[in-house]
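What's in start09.cif: mmCIF, C-alpha atoms
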data_coords
#
loop_
_atom_site.group_PDB
_atom_site.id
_atom_site.type_symbol
_atom_site.label_atom_id
_atom_site.label_comp_id
_atom_site.auth_asym_id
_atom_site.auth_seq_id
_atom_site.Cartn_x
_atom_site.Cartn_y
_atom_site.Cartn_z
ATOM 1 C CA MET A 1 130.063 271.226 284.331
ATOM 2 C CA ALA A 2 127.830 268.800 282.442
ATOM 3 C CA PHE A 3 127.510 270.630 279.127
ATOM 4 C CA HIS A 4 129.466 273.583 277.802
ATOM 5 C CA ASP A 5 127.699 274.951 274.724
ATOM 6 C CA ILE A 6 123.882 275.032 274.737
ATOM 7 C CA LEU A 7 121.495 276.555 272.209
ATOM 8 C CA LEU A 8 118.009 277.784 273.109
ATOM 9 C CA ALA A 9 115.618 278.087 270.154
ATOM 10 C CA LEU A 10 113.151 281.002 270.294
ATOM 11 C CA VAL A 11 110.475 281.657 267.685
ATOM 12 C CA SER A 12 108.799 284.955 266.855
ATOM 13 C CA TYR A 13 105.981 284.390 264.348
ATOM 14 C CA PRO A 14 103.047 284.083 264.177
ATOM 15 C CA ASP A 15 103.462 284.008 267.964
ATOM 16 C CA ALA A 16 106.646 284.318 269.978
ATOM 17 C CA THR A 17 107.853 281.759 272.481
ATOM 18 C CA PRO A 18 105.798 282.581 275.608
ATOM 19 C CA GLY A 19 107.595 284.380 278.416
ATOM 20 C CA PRO A 20 106.849 281.703 281.042
ATOM 21 C CA ALA A 21 108.278 279.069 278.678
ATOM 22 C CA ILE A 22 111.501 281.081 278.438
ATOM 23 C CA ASP A 23 111.625 281.322 282.235
ATOM 24 C CA ARG A 24 111.460 277.524 282.545
ATOM 25 C CA ALA A 25 113.944 276.866 279.747
ATOM 26 C CA VAL A 26 116.512 279.192 281.325
ATOM 27 C CA ARG A 27 116.236 277.292 284.590
ATOM 28 C CA VAL A 28 116.744 274.002 282.782
ATOM 29 C CA ALA A 29 119.873 275.423 281.155
ATOM 30 C CA ARG A 30 121.119 276.626 284.541
ATOM 31 C CA ARG A 31 120.907 273.087 285.931
ATOM 32 C CA LEU A 32 122.601 271.584 282.885
ATOM 33 C CA GLY A 33 125.531 274.006 283.166
ATOM 34 C CA GLY A 34 127.619 275.757 280.538
ATOM 35 C CA GLU A 35 126.987 278.763 278.340
ATOM 36 C CA VAL A 36 123.674 279.334 276.593
ATOM 37 C CA THR A 37 123.023 281.164 273.359
ATOM 38 C CA ALA A 38 119.447 282.165 272.592
ATOM 39 C CA LEU A 39 118.873 281.896 268.856
ATOM 40 C CA GLY A 40 115.972 284.098 267.874
ATOM 41 C CA VAL A 41 114.456 283.376 264.469
ATOM 42 C CA GLN A 42 113.049 286.495 262.816
ATOM 43 C CA ILE A 43 110.654 285.891 259.938
ATOM 44 C CA ARG A 44 110.957 287.610 256.570
ATOM 45 C CA VAL A 45 107.349 287.947 255.429
ATOM 46 C CA GLU A 46 107.345 288.848 251.737
ATOM 47 C CA ALA A 47 104.442 290.030 249.651
ATOM 48 C CA PRO A 48 103.707 288.311 246.322
ATOM 49 C CA LYS A 49 104.962 290.261 243.312
ATOM 50 C CA ASN A 50 101.648 291.172 241.781
ATOM 51 C CA MET A 51 101.036 294.773 240.708
ATOM 52 C CA LEU A 52 97.243 294.473 240.615
ATOM 53 C CA ALA A 53 97.067 292.821 244.057
ATOM 54 C CA GLU A 54 99.414 295.457 245.437
ATOM 55 C CA ALA A 55 97.275 298.261 244.059
ATOM 56 C CA LEU A 56 94.055 296.758 245.415
ATOM 57 C CA LEU A 57 95.183 295.286 248.723
ATOM 58 C CA GLY A 58 98.464 296.946 249.658
ATOM 59 C CA LEU A 59 100.170 293.602 250.205
ATOM 60 C CA GLU A 60 103.608 295.100 250.758
ATOM 61 C CA SER A 61 102.281 297.251 253.575
ATOM 62 C CA LEU A 62 100.654 294.195 255.164
ATOM 63 C CA ALA A 63 103.888 292.209 254.849
ATOM 64 C CA ALA A 64 105.880 295.057 256.389
ATOM 65 C CA GLY A 65 103.496 295.056 259.334
ATOM 66 C CA GLU A 66 104.000 291.324 259.851
ATOM 67 C CA ARG A 67 107.784 291.712 259.659
ATOM 68 C CA ALA A 68 107.595 294.422 262.308
ATOM 69 C CA LYS A 69 105.423 292.145 264.461
ATOM 70 C CA SER A 70 108.018 289.358 264.229
ATOM 71 C CA ALA A 71 110.865 291.736 265.098
ATOM 72 C CA ALA A 72 109.041 293.218 268.085
ATOM 73 C CA SER A 73 107.991 289.819 269.431
ATOM 74 C CA LEU A 74 111.522 288.507 269.097
ATOM 75 C CA ARG A 75 113.024 291.520 270.845
ATOM 76 C CA GLU A 76 110.651 291.000 273.759
ATOM 77 C CA ALA A 77 111.520 287.298 273.964
ATOM 78 C CA LEU A 78 115.271 287.961 273.883
ATOM 79 C CA ASP A 79 114.977 290.652 276.544
ATOM 80 C CA ARG A 80 113.073 288.186 278.731
ATOM 81 C CA PHE A 81 115.837 285.616 278.163
ATOM 82 C CA SER A 82 118.589 288.088 279.099
ATOM 83 C CA ASN A 83 116.801 289.197 282.253
ATOM 84 C CA ASP A 84 116.157 285.605 283.310
ATOM 85 C CA ALA A 85 119.746 284.564 282.639
ATOM 86 C CA ARG A 86 121.091 287.510 284.617
ATOM 87 C CA ALA A 87 118.789 286.712 287.529
ATOM 88 C CA VAL A 88 120.054 283.130 287.848
ATOM 89 C CA GLY A 89 123.724 283.843 287.077
ATOM 90 C CA LEU A 90 123.753 282.082 283.703
ATOM 91 C CA THR A 91 126.370 282.993 281.097
ATOM 92 C CA ALA A 92 124.228 283.937 278.135
ATOM 93 C CA PHE A 93 124.507 285.244 274.588
ATOM 94 C CA GLN A 94 122.045 286.209 271.880
ATOM 95 C CA GLU A 95 121.904 285.722 268.148
ATOM 96 C CA ILE A 96 119.236 286.698 265.626
ATOM 97 C CA GLN A 97 118.829 284.805 262.377
ATOM 98 C CA ALA A 98 116.443 285.797 259.604
ATOM 99 C CA SER A 99 114.346 283.094 257.979
ATOM 100 C CA HIS A 100 111.571 282.701 255.472
ATOM 101 C CA LEU A 101 108.271 281.529 256.876
ATOM 102 C CA TYR A 102 108.177 277.733 257.374
ATOM 103 C CA ASP A 103 111.968 277.519 257.042
ATOM 104 C CA GLU A 104 112.692 278.211 260.716
ATOM 105 C CA ALA A 105 113.479 274.594 261.560
ATOM 106 C CA HIS A 106 116.233 274.368 258.946
ATOM 107 C CA VAL A 107 117.820 277.544 260.298
ATOM 108 C CA VAL A 108 117.838 276.214 263.864
ATOM 109 C CA VAL A 109 119.174 272.805 262.766
ATOM 110 C CA GLY A 110 122.135 274.463 261.063
ATOM 111 C CA HIS A 111 123.110 276.207 264.297
ATOM 112 C CA ALA A 112 122.427 273.141 266.455
ATOM 113 C CA ARG A 113 125.008 270.985 264.702
ATOM 114 C CA THR A 114 127.828 272.849 266.448
ATOM 115 C CA ARG A 115 126.280 272.794 269.941
ATOM 116 C CA ASP A 116 126.228 270.212 272.708
ATOM 117 C CA MET A 117 122.426 270.310 272.682
ATOM 118 C CA THR A 118 119.467 272.515 271.831
ATOM 119 C CA ILE A 119 116.674 273.363 274.262
ATOM 120 C CA VAL A 120 113.222 273.857 272.754
ATOM 121 C CA PRO A 121 110.198 274.895 274.851
ATOM 122 C CA VAL A 122 107.151 273.016 273.553
ATOM 123 C CA GLY A 123 103.561 273.800 274.451
ATOM 124 C CA PRO A 124 100.031 272.909 273.465
ATOM 125 C CA ALA A 125 99.444 275.952 271.243
ATOM 126 C CA PRO A 126 99.227 275.294 267.489
ATOM 127 C CA ALA A 127 102.093 277.726 266.927
ATOM 128 C CA SER A 128 104.392 275.963 269.379
ATOM 129 C CA SER A 129 107.921 274.867 268.523
ATOM 130 C CA GLN A 130 107.147 271.155 268.189
ATOM 131 C CA PRO A 131 108.037 271.035 264.435
ATOM 132 C CA ILE A 132 111.413 272.586 265.221
ATOM 133 C CA ALA A 133 112.021 269.983 267.935
ATOM 134 C CA GLU A 134 111.188 267.199 265.454
ATOM 135 C CA HIS A 135 113.642 268.523 262.867
ATOM 136 C CA LEU A 136 116.347 268.895 265.492
ATOM 137 C CA LEU A 137 115.806 265.329 266.676
ATOM 138 C CA PHE A 138 116.122 263.717 263.268
ATOM 139 C CA ASP A 139 118.333 266.140 261.303
ATOM 140 C CA SER A 140 120.795 267.901 263.619
ATOM 141 C CA GLY A 141 122.904 264.942 264.748
ATOM 142 C CA ARG A 142 122.828 266.402 268.250
ATOM 143 C CA PRO A 143 120.436 265.858 271.172
ATOM 144 C CA VAL A 144 117.411 268.062 271.727
ATOM 145 C CA VAL A 145 115.947 268.856 275.142
ATOM 146 C CA VAL A 146 112.224 269.581 275.053
ATOM 147 C CA THR A 147 110.871 271.503 278.019
ATOM 148 C CA PRO A 148 107.262 272.151 279.075
ATOM 149 C CA GLU A 149 105.899 275.625 278.481
ATOM 150 C CA THR A 150 103.719 275.415 281.566
ATOM 151 C CA GLY A 151 104.097 274.247 285.146
ATOM 152 C CA PRO A 152 105.909 275.437 288.260
ATOM 153 C CA LEU A 153 109.265 277.158 288.001
ATOM 154 C CA ASP A 154 112.210 275.027 289.070
ATOM 155 C CA ALA A 155 113.783 276.532 292.186
ATOM 156 C CA GLU A 156 116.750 274.138 292.211
ATOM 157 C CA THR A 157 120.123 275.346 290.973
ATOM 158 C CA GLY A 158 122.350 272.272 291.039
ATOM 159 C CA PRO A 159 122.564 269.259 288.718
ATOM 160 C CA TYR A 160 119.490 267.089 288.265
ATOM 161 C CA ARG A 161 119.310 264.575 291.096
ATOM 162 C CA THR A 162 116.900 261.940 289.781
ATOM 163 C CA VAL A 163 117.191 261.039 286.098
ATOM 164 C CA ALA A 164 115.380 258.227 284.305
ATOM 165 C CA ILE A 165 116.418 256.508 281.082
ATOM 166 C CA ALA A 166 113.596 255.102 278.954
ATOM 167 C CA TRP A 167 115.338 251.940 277.765
ATOM 168 C CA ASP A 168 114.117 249.630 275.008
ATOM 169 C CA GLY A 169 117.492 248.441 273.717
ATOM 170 C CA SER A 170 117.140 250.368 270.450
ATOM 171 C CA ARG A 171 119.766 252.339 268.562
ATOM 172 C CA PRO A 172 118.112 255.714 269.350
ATOM 173 C CA ALA A 173 117.973 254.815 273.051
ATOM 174 C CA ALA A 174 121.667 253.895 272.996
ATOM 175 C CA ARG A 175 122.491 257.185 271.289
ATOM 176 C CA ALA A 176 120.511 259.111 273.894
ATOM 177 C CA VAL A 177 122.393 257.416 276.737
ATOM 178 C CA GLY A 178 125.724 258.301 275.140
ATOM 179 C CA ASP A 179 124.707 261.931 274.669
ATOM 180 C CA ALA A 180 123.400 262.147 278.234
ATOM 181 C CA LEU A 181 126.471 260.715 280.002
ATOM 182 C CA PRO A 182 127.618 264.096 281.409
ATOM 183 C CA LEU A 183 124.159 264.563 282.919
ATOM 184 C CA LEU A 184 123.974 261.005 284.227
ATOM 185 C CA LYS A 185 127.381 261.260 285.899
ATOM 186 C CA GLN A 186 126.187 264.193 288.001
ATOM 187 C CA ALA A 187 122.857 262.669 289.046
ATOM 188 C CA ARG A 188 122.434 261.103 292.470
ATOM 189 C CA ASP A 189 119.782 258.607 291.365
ATOM 190 C CA VAL A 190 119.786 257.096 287.856
ATOM 191 C CA ARG A 191 116.918 254.767 286.998
ATOM 192 C CA VAL A 192 116.607 252.558 283.932
ATOM 193 C CA LEU A 193 112.936 252.316 282.969
ATOM 194 C CA SER A 194 111.725 249.520 280.692
ATOM 195 C CA VAL A 195 108.014 249.366 279.879
ATOM 196 C CA ILE A 196 107.186 245.690 279.448
ATOM 197 C CA ASN A 197 104.504 244.450 277.022
ATOM 198 C CA GLU A 198 104.595 247.685 275.035
ATOM 199 C CA LYS A 199 106.773 246.262 272.235
ATOM 200 C CA PRO A 200 108.231 242.768 271.630
ATOM 201 C CA SER A 201 111.855 243.915 271.964
ATOM 202 C CA VAL A 202 111.359 245.091 275.553
ATOM 203 C CA THR A 203 111.576 242.006 277.745
ATOM 204 C CA ALA A 204 112.284 241.390 281.407
ATOM 205 C CA GLY A 205 115.951 241.947 282.171
ATOM 206 C CA CYS A 206 116.716 244.001 279.057
ATOM 207 C CA GLY A 207 118.040 246.894 281.147
ATOM 208 C CA HIS A 208 120.639 244.955 283.136
ATOM 209 C CA ASP A 209 123.436 245.212 280.579
ATOM 210 C CA LEU A 210 122.882 248.962 280.416
ATOM 211 C CA VAL A 211 123.403 249.051 284.189
ATOM 212 C CA ARG A 212 126.718 247.271 283.640
ATOM 213 C CA HIS A 213 127.724 249.812 280.991
ATOM 214 C CA LEU A 214 126.817 252.743 283.201
ATOM 215 C CA ALA A 215 128.817 251.241 286.069
ATOM 216 C CA ALA A 216 131.868 251.262 283.792
ATOM 217 C CA HIS A 217 131.420 255.040 283.688
ATOM 218 C CA GLY A 218 131.101 255.291 287.461
ATOM 219 C CA ILE A 219 127.304 255.595 287.381
ATOM 220 C CA THR A 220 125.191 253.469 289.711
ATOM 221 C CA ALA A 221 121.766 252.753 288.250
ATOM 222 C CA THR A 222 118.600 250.938 289.282
ATOM 223 C CA VAL A 223 116.375 248.954 286.916
ATOM 224 C CA ASP A 224 112.620 249.491 287.040
ATOM 225 C CA GLU A 225 110.330 247.366 284.889
ATOM 226 C CA VAL A 226 106.714 248.428 284.632
ATOM 227 C CA ASP A 227 103.804 247.043 282.660
ATOM 228 C CA ASP A 228 102.152 249.422 280.247
ATOM 229 C CA ALA A 229 98.781 248.170 281.524
ATOM 230 C CA GLY A 230 97.150 249.164 278.255
ATOM 231 C CA ARG A 231 98.151 252.802 278.666
ATOM 232 C CA ASP A 232 99.618 255.120 276.094
ATOM 233 C CA ILE A 233 103.403 254.768 276.429
ATOM 234 C CA ALA A 234 103.926 258.480 277.084
ATOM 235 C CA GLU A 235 101.307 258.288 279.840
ATOM 236 C CA ALA A 236 103.199 255.348 281.360
ATOM 237 C CA PHE A 237 106.378 257.461 281.372
ATOM 238 C CA GLN A 238 104.576 260.351 283.041
ATOM 239 C CA ALA A 239 103.007 258.179 285.732
ATOM 240 C CA TYR A 240 106.375 256.580 286.466
ATOM 241 C CA ALA A 241 108.109 259.974 286.691
ATOM 242 C CA ALA A 242 105.517 261.235 289.143
ATOM 243 C CA ASP A 243 105.796 258.094 291.265
ATOM 244 C CA LYS A 244 109.596 258.129 291.457
ATOM 245 C CA GLY A 245 110.148 261.871 291.609
ATOM 246 C CA VAL A 246 112.015 261.895 288.299
ATOM 247 C CA GLU A 247 113.234 265.372 287.380
ATOM 248 C CA PHE A 248 114.686 264.645 283.946
ATOM 249 C CA LEU A 249 114.043 261.989 281.292
ATOM 250 C CA VAL A 250 116.449 260.554 278.708
ATOM 251 C CA MET A 251 115.014 258.679 275.725
ATOM 252 C CA GLY A 252 115.586 257.794 272.104
ATOM 253 C CA GLY A 253 113.440 259.304 269.385
ATOM 254 C CA PHE A 254 111.971 256.858 266.886
ATOM 255 C CA ALA A 255 110.249 257.348 263.533
ATOM 256 C CA ARG A 256 109.594 255.270 260.470
ATOM 257 C CA SER A 257 108.914 256.383 256.934
ATOM 258 C CA ARG A 258 105.762 255.301 255.172
ATOM 259 C CA VAL A 259 105.526 256.495 251.583
ATOM 260 C CA ARG A 260 106.370 260.203 252.042
ATOM 261 C CA GLU A 261 105.069 260.552 255.556
ATOM 262 C CA VAL A 262 107.221 260.264 258.644
ATOM 263 C CA ILE A 263 105.385 258.381 261.369
ATOM 264 C CA LEU A 264 106.656 259.109 264.863
ATOM 265 C CA GLY A 265 106.823 256.298 267.392
ATOM 266 C CA GLY A 266 104.221 256.407 270.158
ATOM 267 C CA ALA A 267 106.531 257.548 272.940
ATOM 268 C CA THR A 268 108.304 260.041 270.665
ATOM 269 C CA ALA A 269 105.051 261.585 269.459
ATOM 270 C CA GLY A 270 103.602 261.764 272.960
ATOM 271 C CA VAL A 271 106.602 263.418 274.596
ATOM 272 C CA LEU A 272 107.236 265.825 271.702
ATOM 273 C CA ALA A 273 103.604 266.922 271.742
ATOM 274 C CA LYS A 274 103.414 267.399 275.500
ATOM 275 C CA PRO A 275 106.645 267.096 277.493
ATOM 276 C CA PHE A 276 105.870 266.767 281.201
ATOM 277 C CA ILE A 277 109.431 267.210 282.471
ATOM 278 C CA PRO A 278 112.644 268.268 280.683
ATOM 279 C CA THR A 279 113.493 265.427 278.302
ATOM 280 C CA LEU A 280 116.669 264.776 276.350
ATOM 281 C CA MET A 281 115.900 263.014 273.081
ATOM 282 C CA ALA A 282 118.338 261.689 270.501
ATOM 283 C CA HIS A 283 118.117 259.701 267.298
#

Could I get this structure in the form of C-alpha cells?
Amino acid sequence: MAFHDILLALVSYPDATPGPAIDRAVRVARRLGGEVTALGVQIRVEAPKNMLAEALLGLESLAAGERAKSAASLREALDRFSNDARAVGLTAFQEIQASHLYDEAHVVVGHARTRDMTIVPVGPAPASSQPIAEHLLFDSGRPVVVTPETGPLDAETGPYRTVAIAWDGSRPAARAVGDALPLLKQARDVRVLSVINEKPSVTAGCGHDLVRHLAAHGITATVDEVDDAGRDIAEAFQAYAADKGVEFLVMGGFARSRVREVILGGATAGVLAKPFIPTLMAH
C-alpha cells in the first residue's frame, strides 16, 4: 500500500466540486491506496449587522438562502463521493467543516497537516479549487495531488505504472521525490525528466545522481532530457507525458515573493491552473 491516510478536499460555495471531478479523484485515490477522507467545507454566509439594510433588503434571509445552498451542494458532493468509493471498493470516510467565506483554504490546510497527502480536483472554472491547492502546496508541509476535473475516467485499479519526475535539482523537487517514494517504488517505469534550456540550473546530466539515489531505494529510473524549444514549461511537460504514456507526474512547487505578491514559477503556475494528469507537488 503506497499511502495510508489521504484527504480529498471538496468545496461547496459558490459552486460545489463537480461530480465528474469527484469521480476522477476517487479513482486516483484508489490507485494510490489507503483510506480516504472527504473533507467537505461548508460556508457560513453571514449578513452584515445593519438594521436599516436588513429592513430594506432582508439580508439575513438572503444569507440563510446561501447557507442552505452551500449545505445542499456539499451533501450532494459527499453522496457522490460515497457512492463512487463504494463502487470501486475504496475505504472512505466523510467529514464536514464549517468555514467563513474565503477562509476555506486555511481550514483544509489545518486538516492536511496530519495526512499523507491531499487530493484537490482543479478545473478551469473561476470557482475551482486552485487557491486551495496553492495554500496546501506552500503552507501544509505535506504534498498535494492536483487532479484534472475533466477527461476520461481511469479504468485501471492497480498502482501507477509509468511515473515521471520533473527534475531541476531544486529543493522543492527533492522534497517532492522524497514524498513520492512510496508511489515510485510501486511503478514499473520511472522516468526522470529534465527540460534543458528552460533555466540555467538545468543542465545535461543533472538527473543522473537522482537515478543513483533512486537505485539505492530499489527503484530503476531512466533519464530523459528534452529541450523546451521555446514552449511554455507546462506545455513541455504535457507533450512529454503524452509521448511517453506518463500516467502520473511528480514535481516541486516553486514561488518567489515580490513585495507582497507571491509569484508562482512557470511550471507550478501552469500545472496548478490546468493539471493534465494527476500530479504530486511538494514545496

Chain and number of each residue from the PyMOL selection byres ((chain A and resi 277-282) around 7), as a compact mmCIF listing (two decimals) with C-alpha atoms, keeping the file's coordinate frame:
# COMPACT_ATOMS: atom_id res chain seq x y z
CA LEU A 137 115.81 265.33 266.68
CA ARG A 142 122.83 266.40 268.25
CA PRO A 143 120.44 265.86 271.17
CA VAL A 144 117.41 268.06 271.73
CA VAL A 145 115.95 268.86 275.14
CA VAL A 146 112.22 269.58 275.05
CA THR A 147 110.87 271.50 278.02
CA PRO A 148 107.26 272.15 279.08
CA PRO A 172 118.11 255.71 269.35
CA ARG A 175 122.49 257.18 271.29
CA ALA A 176 120.51 259.11 273.89
CA GLU A 247 113.23 265.37 287.38
CA PHE A 248 114.69 264.64 283.95
CA LEU A 249 114.04 261.99 281.29
CA VAL A 250 116.45 260.55 278.71
CA MET A 251 115.01 258.68 275.73
CA GLY A 252 115.59 257.79 272.10
CA GLY A 253 113.44 259.30 269.38
CA PRO A 275 106.64 267.10 277.49
CA PHE A 276 105.87 266.77 281.20
CA HIS A 283 118.12 259.70 267.30

(request) Report the distance between CA of Arg86 (chain A) and CA of Ala16 (chain A) in Å, rounded to one decimal place. (result)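 Taking CA of Arg86 (chain A) as the start and CA of Ala16 (chain A) as the end point, the length is 20.8 Å.
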
(message) Could you list, as an MDAnalysis selection string, every residue matched by the PyMOL selection byres ((chain A and resi 198) around 8) in this structure?
(response) chainID A and resid 195:197 199:200 202 227:228 233

Could you write out the selected residues, including C-alpha atoms, as an mmCIF file, in the coordinates of the input?
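Writing the result to again14.cif gives the following:
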data_model
loop_
_atom_site.group_PDB
_atom_site.id
_atom_site.type_symbol
_atom_site.label_atom_id
_atom_site.label_comp_id
_atom_site.auth_asym_id
_atom_site.auth_seq_id
_atom_site.Cartn_x
_atom_site.Cartn_y
_atom_site.Cartn_z
ATOM 1 C CA VAL A 195 108.014 249.366 279.879
ATOM 2 C CA ILE A 196 107.186 245.690 279.448
ATOM 3 C CA ASN A 197 104.504 244.450 277.022
ATOM 4 C CA LYS A 199 106.773 246.262 272.235
ATOM 5 C CA PRO A 200 108.231 242.768 271.630
ATOM 6 C CA VAL A 202 111.359 245.091 275.553
ATOM 7 C CA ASP A 227 103.804 247.043 282.660
ATOM 8 C CA ASP A 228 102.152 249.422 280.247
ATOM 9 C CA ILE A 233 103.403 254.768 276.429
#

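As for CA of Ala2 (chain A) and CA of Leu184 (chain A), they are spaced 8.9 Å apart.
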
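Taking CA of His217 (chain A) as the reference point, CA of Ile6 (chain A) is found at 23.2 Å.
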
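By chain and then residue number, the residues within 10 Å of Asp5 (chain A) are Ala2, Phe3, Leu7, Gly33, Gly34, Glu35, Val36, Thr37, Ala112, Thr114, Arg115, Asp116, Met117 and Thr118 of chain A, counting only C-alpha atoms and disregarding those fewer than 2 positions away in sequence.
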
(request) Neighbourhood query: residues within 8 Å of (115.1, 284.5, 273.4), file coordinates, counting all atoms listed in the file; return as an MDAnalysis selection string. (result) chainID A and resid 8:11 17 22 38:40 74:82 94

Lys244 (chain A) surroundings by all atoms listed in the file, 10 Å radius, close-in-sequence under 2 positions cut, as a PDB file with C-alpha atoms, in the frame of the given file:
ATOM      1  CA  THR A 162     116.900 261.940 289.781  1.00  0.00           C
ATOM      2  CA  VAL A 163     117.191 261.039 286.098  1.00  0.00           C
ATOM      3  CA  ALA A 164     115.380 258.227 284.305  1.00  0.00           C
ATOM      4  CA  ARG A 191     116.918 254.767 286.998  1.00  0.00           C
ATOM      5  CA  ALA A 239     103.007 258.179 285.732  1.00  0.00           C
ATOM      6  CA  TYR A 240     106.375 256.580 286.466  1.00  0.00           C
ATOM      7  CA  ALA A 241     108.109 259.974 286.691  1.00  0.00           C
ATOM      8  CA  ALA A 242     105.517 261.235 289.143  1.00  0.00           C
ATOM      9  CA  VAL A 246     112.015 261.895 288.299  1.00  0.00           C
ATOM     10  CA  GLU A 247     113.234 265.372 287.380  1.00  0.00           C
TER      11      GLU A 247
END

(message) Could you check the closest approach to Ala267 (chain A) for each of A:Ile219, A:Trp167, A:His100, A:Ala174 and tell me which residue wins, using all atoms listed in the file?
(response)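 Of A:Ile219, A:Trp167, A:His100, A:Ala174, the one nearest Ala267 (chain A) is A:Trp167, counting all atoms listed in the file.
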
(request) Using the chain letters and numbering of this document, enumerate as a PyMOL selection string the residues selected by the PyMOL selection byres ((chain A and resi 154) around 8). (result) chain A and resi 24+27-28+152-153+155-156

Could you add whatever atoms are missing so that region 206-212 of chain A carries all heavy atoms, then write the result as a CSV table (one decimal), in the frame of the given file?
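Writing the result to part-v9.csv gives the following:
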chain,number,residue,atom,x,y,z
A,206,CYS,N,116.0,243.4,280.2
A,206,CYS,CA,116.7,244.0,279.1
A,206,CYS,C,117.5,245.2,279.5
A,206,CYS,O,118.4,245.6,278.8
A,206,CYS,CB,115.7,244.4,278.0
A,206,CYS,SG,114.6,245.8,278.4
A,207,GLY,N,117.3,245.7,280.7
A,207,GLY,CA,118.0,246.9,281.1
A,207,GLY,C,119.3,246.6,281.9
A,207,GLY,O,120.1,247.5,282.2
A,208,HIS,N,119.5,245.3,282.2
A,208,HIS,CA,120.6,245.0,283.1
A,208,HIS,C,122.0,245.2,282.5
A,208,HIS,O,123.0,245.6,283.2
A,208,HIS,CB,120.5,243.5,283.6
A,208,HIS,CG,119.3,243.3,284.5
A,208,HIS,ND1,119.2,243.9,285.7
A,208,HIS,CD2,118.2,242.5,284.4
A,208,HIS,CE1,118.1,243.6,286.3
A,208,HIS,NE2,117.5,242.7,285.5
A,209,ASP,N,122.1,245.0,281.2
A,209,ASP,CA,123.4,245.2,280.6
A,209,ASP,C,123.7,246.7,280.5
A,209,ASP,O,124.9,247.1,280.5
A,209,ASP,CB,123.5,244.6,279.2
A,209,ASP,CG,125.0,244.4,278.8
A,209,ASP,OD1,125.8,243.9,279.6
A,209,ASP,OD2,125.3,244.7,277.6
A,210,LEU,N,122.7,247.5,280.4
A,210,LEU,CA,122.9,249.0,280.4
A,210,LEU,C,123.4,249.4,281.8
A,210,LEU,O,124.3,250.3,281.9
A,210,LEU,CB,121.6,249.7,280.1
A,210,LEU,CG,121.7,251.2,280.2
A,210,LEU,CD1,122.7,251.8,279.3
A,210,LEU,CD2,120.3,251.9,279.9
A,211,VAL,N,122.9,248.8,282.8
A,211,VAL,CA,123.4,249.1,284.2
A,211,VAL,C,124.9,248.7,284.3
A,211,VAL,O,125.7,249.5,284.9
A,211,VAL,CB,122.6,248.3,285.2
A,211,VAL,CG1,123.3,248.4,286.6
A,211,VAL,CG2,121.2,248.7,285.3
A,212,ARG,N,125.3,247.6,283.7
A,212,ARG,CA,126.7,247.3,283.6
A,212,ARG,C,127.5,248.3,282.9
A,212,ARG,O,128.6,248.8,283.4
A,212,ARG,CB,126.9,245.9,282.9
A,212,ARG,CG,128.4,245.5,282.8
A,212,ARG,CD,128.6,244.6,281.6
A,212,ARG,NE,128.2,245.2,280.4
A,212,ARG,CZ,128.9,246.1,279.7
A,212,ARG,NH1,130.0,246.5,280.2
A,212,ARG,NH2,128.4,246.5,278.5
